[in-house]
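Quick notes on the structure that follows.
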Amino acid sequence: MSEVRGFRDAANQSMVLTALYIAQEQYGHLDENALERVADRLDLPISQVYSTASFYSLFHTEAKGKYHIQVCEGLSCALCDGADKLVEYLSQKLGITAGEVSPDGLYSLEIVQCLASCGTSPAVRVNDELYDDLTFDKVDRLLDQLAQREEA
Ligand code: FES
């Protein structure tokens, strides 16, 4: 009997990332209600679910903009002189600082650690899409593309 429970616990733990991803898709972000639902569904302590959600930059426990822009400040990105300048540039363009959401709810900005694109740094992620080898010109084109999506 305990062997079955152990297998079920392990199976539920292995589903945490997937469940959090789905919950974030459904709720927009992982607020307390979303985290409780995941914990209940997988029969896991909410502390475990919260610690997983707060560890990965892919998950957001607070409301974000429609386009959530994450700028990497990991070592490779910092060494290529990208992170600080990109954050400053994006802040000026969007009128928000890291941790804020634009008044229209379209953009939010966050500084994160490695986005697993060290070889082509500096890197930025917008929602689930990665953009690397960034320059200010590329950032301008990216922001133009996002604005065009809104006009379409
Ligand atoms: S340090 Fe920026 S992508 Fe790895």
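Each chain in the structure tokens gets a letter, A, B and so on, in the order shown; residues start at 1 in every chain, and ligands are counted from 1 in the order they appear.
Where the distance criterion is 9 Å and the atoms used are only C-alpha atoms and all ligand atoms, the residues close to ligand 1 are Val71, Cys72, Glu73, Gly74, Leu75, Ser76, Cys77, Ala78, Leu79, Gly82, Ala83, Val112, Gln113, Cys114, Leu115, Ala116, Ser117, Cys118, Gly119, Thr120, Ser121, Pro122, Ala123, Val124 and Asp132 of chain A.
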Output for the residues just chosen: all heavy atoms as a short mmCIF file (atom, residue, chain, number, x, y, z; two decimals), in the first residue's frame:
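Produced file selection.cif, reproduced below:
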```cif
data_model
loop_
_atom_site.label_atom_id
_atom_site.label_comp_id
_atom_site.auth_asym_id
_atom_site.auth_seq_id
_atom_site.Cartn_x
_atom_site.Cartn_y
_atom_site.Cartn_z
N VAL A 71 14.71 40.32 -19.09
CA VAL A 71 16.07 40.61 -19.53
C VAL A 71 17.04 39.82 -18.66
O VAL A 71 16.99 39.90 -17.45
CB VAL A 71 16.38 42.12 -19.41
CG1 VAL A 71 17.79 42.41 -19.88
CG2 VAL A 71 15.37 42.94 -20.19
N CYS A 72 17.90 39.09 -19.33
CA CYS A 72 18.88 38.27 -18.60
C CYS A 72 20.02 39.14 -18.10
O CYS A 72 20.59 39.93 -18.86
CB CYS A 72 19.42 37.17 -19.51
SG CYS A 72 20.71 36.20 -18.70
N GLU A 73 20.34 38.96 -16.83
CA GLU A 73 21.52 39.63 -16.27
C GLU A 73 22.54 38.60 -15.80
O GLU A 73 23.37 38.88 -14.94
CB GLU A 73 21.13 40.58 -15.14
CG GLU A 73 20.65 39.87 -13.89
CD GLU A 73 20.63 40.76 -12.66
OE1 GLU A 73 20.92 41.95 -12.77
OE2 GLU A 73 20.31 40.23 -11.59
N GLY A 74 22.44 37.39 -16.37
CA GLY A 74 23.42 36.36 -16.04
C GLY A 74 24.81 36.77 -16.48
O GLY A 74 25.00 37.78 -17.17
N LEU A 75 25.78 35.97 -16.12
CA LEU A 75 27.18 36.34 -16.34
C LEU A 75 27.51 36.61 -17.80
O LEU A 75 28.11 37.64 -18.12
CB LEU A 75 28.09 35.24 -15.79
CG LEU A 75 29.58 35.53 -15.83
CD1 LEU A 75 29.91 36.80 -15.05
CD2 LEU A 75 30.36 34.35 -15.29
N SER A 76 27.11 35.71 -18.70
CA SER A 76 27.45 35.91 -20.12
C SER A 76 26.84 37.19 -20.65
O SER A 76 27.49 37.93 -21.40
CB SER A 76 26.97 34.72 -20.95
OG SER A 76 27.70 33.58 -20.61
N CYS A 77 25.60 37.44 -20.30
CA CYS A 77 24.93 38.64 -20.79
C CYS A 77 25.55 39.89 -20.17
O CYS A 77 25.71 40.91 -20.84
CB CYS A 77 23.43 38.57 -20.49
SG CYS A 77 22.58 37.33 -21.48
N ALA A 78 25.93 39.79 -18.91
CA ALA A 78 26.55 40.94 -18.26
C ALA A 78 27.93 41.21 -18.86
O ALA A 78 28.31 42.36 -19.08
CB ALA A 78 26.67 40.69 -16.76
N LEU A 79 28.67 40.15 -19.15
CA LEU A 79 30.02 40.32 -19.70
C LEU A 79 30.01 40.94 -21.10
O LEU A 79 30.96 41.60 -21.49
CB LEU A 79 30.76 38.98 -19.73
CG LEU A 79 31.23 38.47 -18.38
CD1 LEU A 79 31.88 37.09 -18.52
CD2 LEU A 79 32.19 39.44 -17.73
N GLY A 82 25.52 43.72 -21.96
CA GLY A 82 24.16 43.80 -22.46
C GLY A 82 23.08 44.10 -21.45
O GLY A 82 22.23 44.94 -21.68
N ALA A 83 23.13 43.41 -20.33
CA ALA A 83 21.99 43.42 -19.41
C ALA A 83 21.60 44.82 -18.93
O ALA A 83 20.46 45.24 -19.12
CB ALA A 83 22.29 42.51 -18.23
N VAL A 112 16.08 38.75 -14.96
CA VAL A 112 16.18 37.35 -14.55
C VAL A 112 17.61 36.87 -14.74
O VAL A 112 18.44 37.55 -15.34
CB VAL A 112 15.22 36.46 -15.37
CG1 VAL A 112 13.77 36.85 -15.12
CG2 VAL A 112 15.54 36.51 -16.86
N GLN A 113 17.86 35.70 -14.24
CA GLN A 113 19.16 35.07 -14.45
C GLN A 113 19.12 34.26 -15.74
O GLN A 113 18.15 34.33 -16.47
CB GLN A 113 19.52 34.20 -13.25
CG GLN A 113 19.77 35.02 -11.99
CD GLN A 113 20.87 36.06 -12.20
OE1 GLN A 113 21.94 35.75 -12.71
NE2 GLN A 113 20.60 37.31 -11.83
N CYS A 114 20.10 33.51 -15.99
CA CYS A 114 20.34 32.86 -17.28
C CYS A 114 19.10 32.33 -18.00
O CYS A 114 18.29 31.61 -17.43
CB CYS A 114 21.32 31.72 -17.08
SG CYS A 114 21.88 31.03 -18.63
N LEU A 115 18.97 32.72 -19.25
CA LEU A 115 17.87 32.26 -20.10
C LEU A 115 18.33 31.13 -21.02
O LEU A 115 17.66 30.80 -22.00
CB LEU A 115 17.33 33.42 -20.94
CG LEU A 115 16.57 34.50 -20.15
CD1 LEU A 115 16.25 35.69 -21.05
CD2 LEU A 115 15.30 33.94 -19.54
N ALA A 116 19.48 30.55 -20.71
CA ALA A 116 20.02 29.41 -21.46
C ALA A 116 20.36 29.78 -22.90
O ALA A 116 20.17 28.98 -23.82
CB ALA A 116 19.08 28.22 -21.41
N SER A 117 20.81 30.98 -23.09
CA SER A 117 21.25 31.41 -24.42
C SER A 117 22.60 32.13 -24.29
O SER A 117 22.85 33.12 -24.96
CB SER A 117 20.19 32.33 -25.04
OG SER A 117 20.54 32.63 -26.37
N CYS A 118 23.43 31.60 -23.44
CA CYS A 118 24.70 32.27 -23.10
C CYS A 118 25.60 32.46 -24.32
O CYS A 118 26.31 33.45 -24.40
CB CYS A 118 25.45 31.46 -22.05
SG CYS A 118 24.46 31.07 -20.61
N GLY A 119 25.58 31.53 -25.24
CA GLY A 119 26.44 31.62 -26.41
C GLY A 119 26.03 32.70 -27.38
O GLY A 119 26.81 33.10 -28.26
N THR A 120 24.83 33.19 -27.24
CA THR A 120 24.32 34.24 -28.14
C THR A 120 23.75 35.39 -27.33
O THR A 120 22.72 35.96 -27.67
CB THR A 120 23.25 33.68 -29.10
OG1 THR A 120 22.25 33.03 -28.33
CG2 THR A 120 23.85 32.72 -30.11
N SER A 121 24.43 35.70 -26.25
CA SER A 121 23.96 36.79 -25.39
C SER A 121 24.26 38.15 -26.04
O SER A 121 25.11 38.22 -26.93
CB SER A 121 24.63 36.68 -24.02
OG SER A 121 26.03 36.64 -24.19
N PRO A 122 23.58 39.20 -25.61
CA PRO A 122 22.58 39.25 -24.56
C PRO A 122 21.22 38.73 -25.02
O PRO A 122 20.88 38.81 -26.20
CB PRO A 122 22.50 40.74 -24.22
CG PRO A 122 22.89 41.44 -25.47
CD PRO A 122 23.89 40.54 -26.14
N ALA A 123 20.49 38.21 -24.05
CA ALA A 123 19.22 37.55 -24.37
C ALA A 123 18.06 38.16 -23.59
O ALA A 123 18.21 38.63 -22.48
CB ALA A 123 19.33 36.07 -24.05
N VAL A 124 16.91 38.10 -24.25
CA VAL A 124 15.65 38.57 -23.66
C VAL A 124 14.59 37.55 -24.02
O VAL A 124 14.63 36.95 -25.09
CB VAL A 124 15.29 39.96 -24.26
CG1 VAL A 124 13.84 40.30 -23.99
CG2 VAL A 124 16.19 41.04 -23.70
N ASP A 132 17.81 36.63 -28.93
CA ASP A 132 19.19 36.70 -28.50
C ASP A 132 20.03 37.57 -29.43
O ASP A 132 19.51 38.10 -30.41
CB ASP A 132 19.78 35.30 -28.36
CG ASP A 132 19.62 34.48 -29.62
OD1 ASP A 132 19.27 35.05 -30.68
OD2 ASP A 132 19.84 33.26 -29.57
#
```
Could you list, as a PDB file with N, CA and C atoms, in the first residue's frame, every residue within 7 Å of segment 37-45 of chain A, counting only C-alpha atoms and ignoring same-chain residues fewer than 4 positions away?
```
ATOM      1  N   ASN A  12       2.987  12.567  -8.848  1.00  0.00           N
ATOM      2  CA  ASN A  12       2.418  13.911  -8.678  1.00  0.00           C
ATOM      3  C   ASN A  12       3.512  14.974  -8.654  1.00  0.00           C
ATOM      4  N   ALA A  19       1.738  21.138 -14.434  1.00  0.00           N
ATOM      5  CA  ALA A  19       0.515  21.679 -13.838  1.00  0.00           C
ATOM      6  C   ALA A  19       0.622  23.191 -13.639  1.00  0.00           C
ATOM      7  N   LEU A  20       1.789  23.655 -13.206  1.00  0.00           N
ATOM      8  CA  LEU A  20       1.974  25.093 -13.019  1.00  0.00           C
ATOM      9  C   LEU A  20       1.892  25.824 -14.360  1.00  0.00           C
ATOM     10  N   ASN A  33      -4.689  31.480  -5.311  1.00  0.00           N
ATOM     11  CA  ASN A  33      -5.752  30.572  -5.724  1.00  0.00           C
ATOM     12  C   ASN A  33      -5.240  29.521  -6.713  1.00  0.00           C
ATOM     13  N   VAL A  49       4.652  23.569  -3.849  1.00  0.00           N
ATOM     14  CA  VAL A  49       4.208  24.101  -5.136  1.00  0.00           C
ATOM     15  C   VAL A  49       4.683  25.545  -5.281  1.00  0.00           C
TER      16      VAL A  49
END
```
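Closest approach to Lys93 of chain A from the set A:Phe136, A:Tyr21, A:Tyr50, A:Tyr56 is made by A:Phe136, with distances taken over only C-alpha atoms.
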request  = Could you give me, as a list of chain:residue names, the residues within 8 Å of His60 of chain A, counting only C-alpha atoms and dropping anything in the same chain fewer than 4 positions from it?
outcome  =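 Residues meeting the cut-off are A:Gln24, A:His29, A:Leu30, A:Ala53, A:Ser54, A:Lys64.
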request  = Please indicate the distance in Å from atom CA of Asp128 of chain A to atom CA of Lys66 of chain A, rounded to one decimal place.
outcome  = 11.7 Å
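In terms of minimum interatomic distance to Ile22 of chain A, A:Phe59 ranks closest within A:Gly95, A:Ile111, A:Glu36, A:Phe59, counting only C-alpha atoms.
Reported to one decimal place, the separation of atom CA of Leu35 of chain A from atom CA of Val16 of chain A is 10.3 Å.
For the pair atom CA of Lys85 of chain A and atom CA of Pro103 of chain A, the separation is 23.0 Å.
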request  = Could you check which of A:Gln26, A:Thr61, A:Ser47, A:Thr135 is closest to Leu90 of chain A, using only C-alpha atoms?
outcome  =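 Closest to Leu90 of chain A of all the choices is A:Thr135.
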request  = Please run DSSP on the backbone and report, as number ranges by chain, all residues within chain A that come out as strand (DSSP E).
outcome  = A: 67-72, 107-112, 124-126, 129-131
Contacts of Val126 of chain A at 12 Å (only C-alpha atoms; same-chain gap of 5+ positions) as a ChimeraX atom specification = /A:57-58,64-72,106-111,115,131-132,139,142-143,145-146
